[in-house]
>>> print(open('input.csv').read())   # CSV, C-alpha atoms
chain,number,residue,atom,x,y,z
A,13,MET,CA,14.8,-8.8,16.0
A,14,ARG,CA,11.5,-8.7,14.1
A,15,ALA,CA,9.0,-11.4,14.8
A,16,ILE,CA,8.3,-13.5,11.7
A,17,ASP,CA,5.4,-15.8,10.9
A,18,ARG,CA,6.2,-18.3,8.2
A,19,TYR,CA,3.7,-20.6,6.4
A,20,LYS,CA,4.3,-23.3,3.8
A,21,LEU,CA,1.8,-25.4,1.8
A,22,LYS,CA,2.5,-29.0,0.9
A,23,ASP,CA,3.4,-28.0,-2.7
A,24,GLY,CA,6.1,-25.7,-1.4
A,25,THR,CA,4.3,-22.4,-1.9
A,26,SER,CA,5.1,-20.2,1.1
A,27,CYS,CA,4.9,-16.8,2.6
A,28,ALA,CA,6.4,-14.9,5.5
A,29,ILE,CA,4.9,-12.0,7.5
A,30,SER,CA,6.4,-9.7,10.0
A,31,PRO,CA,3.5,-8.6,12.3
A,32,ASN,CA,5.6,-6.2,14.4
A,33,TRP,CA,7.0,-4.5,11.3
A,34,GLY,CA,3.8,-3.2,9.8
A,35,CYS,CA,2.3,-6.7,9.2
A,36,ASN,CA,4.6,-6.8,6.2
A,37,LEU,CA,4.3,-9.6,3.7
A,38,PHE,CA,8.0,-9.7,2.9
A,39,SER,CA,8.2,-13.2,1.3
A,40,TRP,CA,6.0,-15.0,-1.2
A,41,VAL,CA,7.5,-18.0,-2.9
A,42,VAL,CA,5.7,-19.9,-5.8
A,43,ASN,CA,7.3,-22.8,-7.6
A,44,GLY,CA,10.6,-22.2,-5.8
A,45,VAL,CA,10.8,-18.5,-6.9
A,46,GLU,CA,10.8,-15.6,-4.5
A,47,LEU,CA,8.5,-13.0,-5.9
A,48,MET,CA,8.8,-10.3,-3.2
A,49,TYR,CA,11.8,-8.0,-3.2
A,50,CYS,CA,13.5,-7.1,0.1
A,51,PRO,CA,16.9,-5.6,0.9
A,52,GLU,CA,19.4,-7.9,2.7
A,53,ASP,CA,18.5,-8.5,6.4
A,54,TYR,CA,14.9,-7.2,5.8
A,55,PRO,CA,12.8,-7.0,7.9
A,56,GLU,CA,15.2,-7.3,10.9
A,57,ALA,CA,17.3,-4.3,9.8
A,58,ALA,CA,14.4,-2.2,8.4
A,59,TRP,CA,14.2,1.3,9.6
A,60,LYS,CA,11.6,2.9,7.3
A,61,ILE,CA,8.2,1.9,6.1
A,62,THR,CA,9.2,1.6,2.4
A,63,GLY,CA,12.0,-0.6,1.1
A,64,GLY,CA,10.6,-4.0,0.5
A,65,GLY,CA,7.9,-6.5,1.0
A,66,ASN,CA,4.3,-5.2,1.0
A,67,PRO,CA,4.0,-2.1,3.2
A,68,ILE,CA,0.4,-1.4,4.2
A,69,LEU,CA,-0.6,2.3,3.9
A,70,PHE,CA,-3.1,3.5,6.5
A,71,PRO,CA,-4.8,5.9,7.2
A,72,SER,CA,-2.8,8.1,4.8
A,73,VAL,CA,-1.4,7.4,1.3
A,74,GLY,CA,1.7,9.3,0.2
A,75,ARG,CA,3.0,12.3,2.1
A,76,THR,CA,1.3,15.0,4.1
A,77,TRP,CA,2.4,18.6,3.6
A,78,ASP,CA,1.7,21.9,5.4
A,79,PHE,CA,2.1,25.1,3.3
A,80,SER,CA,0.6,27.6,5.7
A,81,THR,CA,4.0,29.2,6.6
A,82,GLY,CA,5.0,29.7,3.0
A,83,GLU,CA,7.4,26.8,3.2
A,84,ASN,CA,7.0,23.1,2.5
A,85,VAL,CA,6.8,21.4,5.9
A,86,GLN,CA,6.3,17.7,5.7
A,87,GLY,CA,3.8,15.8,8.0
A,88,ILE,CA,2.0,18.7,9.8
A,89,TYR,CA,-1.8,18.9,9.5
A,90,ARG,CA,-4.8,20.4,11.3
A,91,ILE,CA,-8.4,19.3,11.6
A,92,PHE,CA,-11.2,21.9,11.4
A,93,PRO,CA,-12.0,23.8,13.6
A,94,SER,CA,-9.0,23.0,15.9
A,95,GLU,CA,-5.7,24.9,15.8
A,96,LYS,CA,-3.9,21.9,17.3
A,97,THR,CA,-1.4,20.3,14.9
A,98,TRP,CA,-0.8,16.6,14.3
A,99,PHE,CA,2.0,14.8,12.5
A,100,MET,CA,1.2,12.2,9.8
A,101,PRO,CA,4.2,10.1,8.8
A,102,SER,CA,4.6,9.3,5.1
A,103,HIS,CA,2.1,6.5,4.2
A,104,GLY,CA,0.5,6.6,7.6
A,105,ILE,CA,0.8,5.4,11.2
A,106,ILE,CA,1.2,1.6,10.8
A,107,TYR,CA,4.9,1.5,11.7
A,108,ASN,CA,4.3,3.5,14.9
A,109,CYS,CA,1.8,0.8,16.0
A,110,ARG,CA,1.8,-2.9,16.3
A,111,PHE,CA,-0.2,-5.9,15.1
A,112,GLU,CA,-1.4,-8.9,17.1
A,113,LYS,CA,-2.4,-12.2,15.6
A,114,ILE,CA,-6.1,-12.8,16.3
A,115,GLY,CA,-6.6,-16.1,14.4
A,116,GLU,CA,-5.2,-18.6,11.9
A,117,THR,CA,-6.4,-21.7,10.0
A,118,VAL,CA,-3.7,-23.9,8.6
A,119,SER,CA,-4.1,-26.9,6.3
A,120,PRO,CA,-1.8,-28.5,3.7
A,121,ASP,CA,-3.4,-26.6,0.8
A,122,LYS,CA,-4.5,-23.3,2.4
A,123,VAL,CA,-3.5,-20.9,5.2
A,124,SER,CA,-5.6,-18.0,6.5
A,125,VAL,CA,-4.2,-15.7,9.2
A,126,ALA,CA,-5.5,-12.5,10.6
A,127,TYR,CA,-3.9,-9.6,12.5
A,128,GLU,CA,-5.4,-6.7,14.3
A,129,LEU,CA,-3.8,-3.3,14.5
A,130,ARG,CA,-3.2,-1.9,18.0
A,131,ILE,CA,-3.0,2.0,17.9
A,132,THR,CA,-1.3,3.4,21.0
A,133,ASP,CA,-2.5,6.3,23.0
A,134,LYS,CA,0.6,8.2,22.0
A,135,VAL,CA,-0.2,7.8,18.3
A,136,LYS,CA,-3.7,9.0,18.9
A,137,LEU,CA,-2.4,12.0,20.7
A,138,ASP,CA,0.4,12.9,18.2
A,139,ASN,CA,-0.6,11.5,14.8
A,140,TYR,CA,-4.2,10.4,14.4
A,141,PRO,CA,-6.9,11.4,16.9
A,142,PHE,CA,-9.5,8.9,15.7
A,143,ASP,CA,-10.5,5.5,17.1
A,144,VAL,CA,-10.3,3.4,13.9
A,145,GLY,CA,-9.6,-0.3,13.8
A,146,LEU,CA,-7.9,-2.3,11.2
A,147,ILE,CA,-7.8,-6.1,10.7
A,148,GLN,CA,-5.5,-7.5,8.0
A,149,ARG,CA,-6.1,-11.0,6.7
A,150,PHE,CA,-3.8,-13.1,4.4
A,151,THR,CA,-5.1,-16.2,2.7
A,152,LEU,CA,-2.4,-18.3,1.0
A,153,THR,CA,-3.3,-20.9,-1.6
A,154,ARG,CA,-1.3,-22.7,-4.3
A,155,GLU,CA,-2.7,-20.2,-6.9
A,156,SER,CA,-2.5,-16.9,-5.0
A,157,ILE,CA,-2.3,-14.9,-1.8
A,158,GLU,CA,-5.3,-12.8,-1.0
A,159,LEU,CA,-5.1,-9.7,1.2
A,160,GLU,CA,-8.2,-8.4,2.9
A,161,ALA,CA,-8.3,-5.4,5.1
A,162,THR,CA,-11.3,-4.5,7.3
A,163,VAL,CA,-11.3,-0.9,8.5
A,164,THR,CA,-13.9,0.1,11.2
A,165,ASN,CA,-14.7,3.5,12.7
A,166,LYS,CA,-15.1,2.9,16.4
A,167,ASP,CA,-15.3,6.6,17.1
A,168,ASP,CA,-18.3,8.9,17.6
A,169,LYS,CA,-17.1,11.3,14.9
A,170,ILE,CA,-16.4,11.0,11.2
A,171,ALA,CA,-12.9,9.7,10.5
A,172,PRO,CA,-10.6,10.1,7.5
A,173,ALA,CA,-9.1,6.7,6.4
A,174,ALA,CA,-7.2,6.3,3.2
A,175,PHE,CA,-5.8,2.8,2.4
A,176,GLY,CA,-3.3,1.2,0.0
A,177,TYR,CA,-0.9,-1.7,-0.6
A,178,HIS,CA,2.7,-1.1,-1.8
A,179,PRO,CA,4.0,-4.5,-3.0
A,180,TYR,CA,7.7,-4.6,-4.1
A,181,PHE,CA,7.8,-7.3,-6.7
A,182,ARG,CA,11.2,-8.7,-7.7
A,183,ILE,CA,12.3,-8.4,-11.4
A,184,SER,CA,14.9,-10.5,-13.2
A,185,ASN,CA,17.3,-7.7,-14.1
A,186,PRO,CA,17.8,-4.0,-13.1
A,187,GLN,CA,18.1,-3.1,-16.8
A,188,ARG,CA,14.4,-4.0,-17.1
A,189,GLU,CA,14.9,-6.0,-20.3
A,190,GLY,CA,11.6,-7.7,-21.0
A,191,VAL,CA,9.9,-6.0,-18.1
A,192,GLU,CA,6.5,-4.3,-18.7
A,193,THR,CA,3.5,-3.1,-16.7
A,194,ARG,CA,-0.1,-3.4,-17.9
A,195,LEU,CA,-2.6,-1.3,-16.0
A,196,PRO,CA,-6.2,-1.0,-17.2
A,197,ILE,CA,-6.6,2.7,-16.7
A,198,THR,CA,-7.4,5.8,-18.8
A,199,THR,CA,-5.6,8.7,-17.2
A,200,TYR,CA,-2.1,9.6,-16.1
A,201,LEU,CA,-2.0,12.1,-13.2
A,202,LYS,CA,0.8,14.6,-13.1
A,203,THR,CA,2.6,15.4,-9.8
A,204,THR,CA,4.9,18.0,-8.4
A,205,PRO,CA,8.5,16.9,-8.5
A,206,ASP,CA,9.4,18.0,-5.0
A,207,THR,CA,6.3,17.2,-2.9
A,208,ILE,CA,4.8,14.4,-5.1
A,209,LEU,CA,1.3,15.9,-5.0
A,210,LEU,CA,-1.2,16.1,-7.7
A,211,THR,CA,-1.0,19.2,-9.9
A,212,GLY,CA,-4.5,18.9,-11.2
A,213,GLU,CA,-3.2,18.2,-14.7
A,214,SER,CA,-3.6,14.9,-16.5
A,215,GLU,CA,-3.3,13.2,-19.8
A,216,ALA,CA,-4.7,10.2,-21.5
A,217,ALA,CA,-2.9,6.9,-20.9
A,218,ASP,CA,-3.4,3.2,-21.4
A,219,GLY,CA,-1.1,1.9,-18.6
A,220,ALA,CA,1.1,-0.1,-20.9
A,221,ILE,CA,4.7,0.7,-20.1
A,222,ASP,CA,7.7,-1.1,-21.5
A,223,LEU,CA,10.1,-0.1,-18.7
A,224,GLN,CA,13.3,1.5,-19.8
A,225,PRO,CA,16.7,1.4,-18.0
A,226,ASP,CA,17.9,4.5,-16.2
A,227,VAL,CA,14.4,5.9,-15.8
A,228,TYR,CA,12.9,6.7,-12.4
A,229,TYR,CA,9.3,5.6,-12.4
A,230,ASP,CA,6.9,7.1,-9.9
A,231,HIS,CA,3.7,7.3,-12.0
A,232,ILE,CA,0.1,7.7,-10.8
A,233,PHE,CA,-2.9,6.6,-12.8
A,234,THR,CA,-6.6,6.6,-12.4
A,235,GLY,CA,-9.8,5.7,-14.3
A,236,ALA,CA,-9.8,1.9,-13.9
A,237,THR,CA,-11.5,0.0,-16.7
A,238,ASP,CA,-10.8,-3.4,-15.2
A,239,THR,CA,-9.8,-5.0,-11.9
A,240,ARG,CA,-6.4,-6.5,-12.7
A,241,MET,CA,-3.0,-5.0,-13.3
A,242,SER,CA,0.1,-7.0,-14.2
A,243,LEU,CA,3.9,-6.8,-14.0
A,244,ILE,CA,5.3,-8.9,-16.9
A,245,ASP,CA,8.8,-10.2,-16.8
A,246,ARG,CA,9.7,-12.1,-19.9
A,247,LYS,CA,13.2,-13.1,-18.8
A,248,ALA,CA,11.7,-14.6,-15.6
A,249,GLY,CA,8.9,-16.2,-17.7
A,250,HIS,CA,6.0,-15.0,-15.6
A,251,ALA,CA,3.5,-12.2,-15.0
A,252,ILE,CA,2.6,-11.1,-11.5
A,253,ASN,CA,-1.0,-10.0,-11.3
A,254,VAL,CA,-2.7,-7.8,-8.7
A,255,ASP,CA,-6.5,-8.1,-8.7
A,256,TYR,CA,-8.3,-5.4,-6.7
A,257,ASP,CA,-11.8,-4.4,-5.8
A,258,GLU,CA,-13.6,-1.3,-7.0
A,259,LYS,CA,-12.8,0.8,-3.9
A,260,PHE,CA,-9.3,1.4,-5.1
A,261,GLU,CA,-9.0,4.5,-7.3
A,262,LEU,CA,-5.3,5.3,-7.7
A,263,PHE,CA,-2.8,2.9,-9.3
A,264,LEU,CA,1.0,3.5,-9.1
A,265,VAL,CA,4.1,2.2,-10.8
A,266,TYR,CA,7.2,2.8,-8.7
A,267,SER,CA,10.7,1.7,-9.6
A,268,PRO,CA,13.8,3.9,-9.2
A,269,ASP,CA,16.4,3.5,-11.9
A,270,GLY,CA,18.7,0.6,-11.3
A,271,SER,CA,16.4,-1.1,-8.8
A,272,ASP,CA,15.7,-4.8,-8.7
A,273,PHE,CA,12.0,-4.3,-8.2
A,274,VAL,CA,8.8,-2.8,-9.6
A,275,CYS,CA,5.9,-1.8,-7.4
A,276,ILE,CA,2.4,-1.9,-8.9
A,277,GLU,CA,0.2,-0.4,-6.2
A,278,PRO,CA,-3.6,-0.1,-5.6
A,279,TRP,CA,-4.5,2.9,-3.5
A,280,THR,CA,-7.7,4.7,-2.5
A,281,ARG,CA,-7.9,8.4,-3.2
A,282,GLY,CA,-6.4,10.6,-0.5
A,283,LEU,CA,-2.9,11.5,-1.8
A,284,GLY,CA,-2.0,14.7,0.0
A,285,ALA,CA,-5.5,14.9,1.5
A,286,TYR,CA,-4.5,15.6,5.1
A,287,MET,CA,-3.7,19.2,4.2
A,288,HIS,CA,-7.4,19.6,3.4
A,289,LEU,CA,-8.6,18.5,6.9
A,290,VAL,CA,-8.3,22.1,7.9
A,291,GLU,CA,-11.3,22.9,5.5
A,292,PRO,CA,-14.8,22.5,7.0
A,293,ASP,CA,-16.1,20.3,4.1
A,294,TRP,CA,-13.5,17.5,4.4
A,295,THR,CA,-16.1,15.3,6.0
A,296,ASP,CA,-18.0,15.0,2.7
A,297,GLY,CA,-15.3,12.5,1.4
A,298,LYS,CA,-14.2,14.6,-1.6
A,299,TYR,CA,-10.5,14.5,-0.6
A,300,ILE,CA,-10.2,11.3,1.2
A,301,PRO,CA,-12.4,8.2,2.1
A,302,VAL,CA,-14.3,8.9,5.3
A,303,LEU,CA,-16.0,6.5,7.7
A,304,GLN,CA,-19.1,7.5,9.6
A,305,PRO,CA,-19.3,6.4,13.3
A,306,GLY,CA,-19.7,2.6,13.3
A,307,GLU,CA,-19.1,2.3,9.6
A,308,THR,CA,-16.8,-0.5,8.1
A,309,ALA,CA,-15.0,-0.6,4.8
A,310,THR,CA,-13.3,-3.7,3.3
A,311,TYR,CA,-10.5,-3.6,0.8
A,312,LYS,CA,-9.3,-6.7,-1.1
A,313,ALA,CA,-6.4,-7.4,-3.4
A,314,THR,CA,-5.1,-10.7,-4.6
A,315,PHE,CA,-1.6,-11.4,-5.9
A,316,SER,CA,-1.1,-14.3,-8.3
A,317,VAL,CA,1.5,-15.4,-10.8
A,318,THR,CA,1.0,-16.9,-14.3
A,319,ALA,CA,3.6,-18.4,-16.7
A,320,ILE,CA,4.2,-16.6,-20.0
>>> encode(input="input.csv", output="structure tokens")
Amino acid sequence: MRAIDRYKLKDGTSCAISPNWGCNLFSWVVNGVELMYCPEDYPEAAWKITGGGNPILFPSVGRTWDFSTGENVQGIYRIFPSEKTWFMPSHGIIYNCRFEKIGETVSPDKVSVAYELRITDKVKLDNYPFDVGLIQRFTLTRESIELEATVTNKDDKIAPAAFGYHPYFRISNPQREGVETRLPITTYLKTTPDTILLTGESEAADGAIDLQPDVYYDHIFTGATDTRMSLIDRKAGHAINVDYDEKFELFLVYSPDGSDFVCIEPWTRGLGAYMHLVEPDWTDGKYIPVLQPGETATYKATFSVTAI
């Protein structure tokens, strides 16, 4: 059974977080409407990082691939100059670790709760040999829920640390009638169909998508011109907004055909970046955000809903 922390304001706005399942925000209710999508029995029956709620992606976004043998081997990577191999799970190590609540403030109109990631020695040995801390804070108000992550390099060496949120927002109908996304971006980034890595090719885009039925959306954009993206659902009568800070560089729309959700996701750069850690210049931050010893980075995103 997954532990669950539930919070409710006096106006009925509520949220639910599963700290030992990736600190997943799997419920957010405003005006009696559940805005997060989850499969039945989630998170109790969850067995993989993706699937519902708001998976936190750290310290990797997307998949890691090793092509050194001539085959596509998922997860394996090396760090220059070592020949040792590590395994990076899809979207990172969060679900091999645990979170502990380190503080909360509760009032009738506002809740603020913080959790700290505990990385085990086994994860450091097998997956991520860096001493990097993560504190995730949620602040619930009547108007919004703010997510703030603080990432700190506690190590004496440079550490790679990508970050992202993967919110699954519920839509009114799987045919996507009246469902649109609006992302303030300039560029669509093309990816390989099998490994979902960037090809280096791109094309101009405006981020306005009227979602069509029977289409598998897994689109990556960049070139932000503003700090808000929105999922508009005209049949539901609302738009769900994600406001984000300037540290996010990649923006995704994910919705398999026939699904009851659309994900609009802010990520840092770093898609497929762990394959580049074998190169001596990875520490310059070209491929992935890096933290110097003692350095801290903060990432903020705020979810809100507006009537249309």
>>> closest_atom_pairs(input="input.csv", of="segment 126-183 of chain A", to="segment 99-108 of chain A", cutoff="9 Å", atoms="only C-alpha atoms", output="tab-separated table")
residue	atom	partner	partner_atom	distance
A:Leu129	CA	A:Ile106	CA	7.9
A:Ile131	CA	A:Asn108	CA	8.0
A:Thr132	CA	A:Asn108	CA	8.3
A:Val135	CA	A:Asn108	CA	7.1
A:Asp138	CA	A:Phe99	CA	6.2
A:Asn139	CA	A:Phe99	CA	4.8
A:Tyr140	CA	A:Met100	CA	7.3
A:Ala174	CA	A:Gly104	CA	8.9
A:Phe175	CA	A:His103	CA	8.9
A:Gly176	CA	A:His103	CA	8.7
>>> atom_distance(input="input.csv", atom1="atom CA of Thr162 of chain A", atom2="atom CA of Thr25 of chain A")
25.5 Å
>>> closest_residue(input="input.csv", among="A:Thr234, A:Ser124, A:Asn32, A:Thr310", to="Arg149 of chain A", atoms="only C-alpha atoms")
A:Ser124
>>> residues_around(input="input.csv", residues="Phe142 of chain A", least_positions_apart="6", cutoff="10 Å", atoms="all atoms listed in the file", output="PyMOL selection string")
chain A and resi 131+135-136+165-173
>>> residues_around(input="input.csv", residues="Thr193 of chain A", least_positions_apart="3", cutoff="9 Å", atoms="all atoms listed in the file", output="PyMOL selection string")
chain A and resi 219-223+241-245+265+274+276
>>> residues_around(input="input.csv", residues="Tyr229 of chain A", least_positions_apart="4", cutoff="6 Å", atoms="all atoms listed in the file", output="JSON, numbers by chain")
{"A": [266, 267, 268]}
>>> atom_distance(input="input.csv", atom1="atom CA of Leu21 of chain A", atom2="atom CA of Ile320 of chain A")
23.6 Å
>>> atom_distance(input="input.csv", atom1="atom CA of Val227 of chain A", atom2="atom CA of Gly282 of chain A")
26.2 Å
>>> residues_near_point(input="input.csv", point="(2.5, 4.5, -12.9)", cutoff="6 Å", atoms="only C-alpha atoms", output="PyMOL selection string")
chain A and resi 230-233+264-265
>>> closest_residue(input="input.csv", among="A:Asp238, A:Asp17, A:Glu155, A:Asp206", to="Arg75 of chain A", atoms="all atoms listed in the file")
A:Asp206
>>> residues_around(input="input.csv", residues="Ile252 of chain A", least_positions_apart="5", cutoff="12 Å", atoms="all atoms listed in the file", output="number ranges by chain")
A: 40, 42, 45-48, 155-157, 179-183, 191-195, 240-246, 274-276, 314-320
>>> decode(input="input.csv", residues="segment 213-238 of chain A", atoms="N, CA and C atoms", output="compact mmCIF listing (two decimals), in the first residue's frame")
# COMPACT_ATOMS: atom_id res chain seq x y z
N GLU A 213 17.24 17.57 -36.39
CA GLU A 213 16.39 18.29 -37.32
C GLU A 213 15.26 18.99 -36.57
N SER A 214 14.80 20.09 -37.12
CA SER A 214 13.73 20.84 -36.49
C SER A 214 12.95 21.59 -37.55
N GLU A 215 11.81 22.12 -37.14
CA GLU A 215 11.03 22.96 -38.02
C GLU A 215 10.30 24.00 -37.20
N ALA A 216 9.93 25.09 -37.85
CA ALA A 216 9.23 26.16 -37.15
C ALA A 216 7.87 25.68 -36.68
N ALA A 217 7.45 26.14 -35.52
CA ALA A 217 6.16 25.75 -34.94
C ALA A 217 5.68 26.86 -34.03
N ASP A 218 4.36 26.88 -33.82
CA ASP A 218 3.81 27.89 -32.91
C ASP A 218 3.18 27.28 -31.65
N GLY A 219 3.19 25.94 -31.54
CA GLY A 219 2.70 25.28 -30.34
C GLY A 219 1.21 25.21 -30.20
N ALA A 220 0.48 25.69 -31.21
CA ALA A 220 -0.98 25.60 -31.17
C ALA A 220 -1.42 24.32 -31.86
N ILE A 221 -1.96 23.38 -31.09
CA ILE A 221 -2.35 22.09 -31.63
C ILE A 221 -3.82 21.82 -31.28
N ASP A 222 -4.63 21.66 -32.29
CA ASP A 222 -5.99 21.16 -32.09
C ASP A 222 -5.90 19.64 -32.15
N LEU A 223 -5.93 19.00 -30.99
CA LEU A 223 -5.65 17.57 -30.95
C LEU A 223 -6.71 16.78 -31.71
N GLN A 224 -6.24 15.84 -32.51
CA GLN A 224 -7.10 15.03 -33.34
C GLN A 224 -7.25 13.63 -32.75
N PRO A 225 -8.37 12.95 -33.02
CA PRO A 225 -8.53 11.57 -32.54
C PRO A 225 -7.58 10.63 -33.30
N ASP A 226 -7.26 9.53 -32.66
CA ASP A 226 -6.47 8.47 -33.30
C ASP A 226 -5.08 8.93 -33.73
N VAL A 227 -4.52 9.89 -33.03
CA VAL A 227 -3.16 10.34 -33.28
C VAL A 227 -2.36 10.17 -31.99
N TYR A 228 -1.15 9.63 -32.13
CA TYR A 228 -0.26 9.45 -30.98
C TYR A 228 0.64 10.68 -30.90
N TYR A 229 0.43 11.48 -29.88
CA TYR A 229 1.23 12.70 -29.71
C TYR A 229 2.37 12.43 -28.74
N ASP A 230 3.57 12.69 -29.22
CA ASP A 230 4.77 12.64 -28.37
C ASP A 230 5.74 13.67 -28.96
N HIS A 231 5.37 14.95 -28.81
CA HIS A 231 6.01 16.04 -29.50
C HIS A 231 6.88 16.84 -28.54
N ILE A 232 8.04 17.26 -29.04
CA ILE A 232 9.00 18.03 -28.23
C ILE A 232 9.23 19.38 -28.90
N PHE A 233 9.17 20.43 -28.11
CA PHE A 233 9.33 21.78 -28.61
C PHE A 233 10.39 22.51 -27.80
N THR A 234 10.88 23.59 -28.38
CA THR A 234 11.81 24.46 -27.67
C THR A 234 11.63 25.89 -28.18
N GLY A 235 12.45 26.80 -27.64
CA GLY A 235 12.37 28.20 -28.05
C GLY A 235 11.22 28.93 -27.39
N ALA A 236 11.15 28.88 -26.08
CA ALA A 236 10.05 29.51 -25.35
C ALA A 236 10.05 31.01 -25.53
N THR A 237 8.86 31.55 -25.80
CA THR A 237 8.69 33.00 -25.92
C THR A 237 7.89 33.59 -24.76
N ASP A 238 7.41 32.71 -23.88
CA ASP A 238 6.64 33.14 -22.72
C ASP A 238 6.79 32.06 -21.66
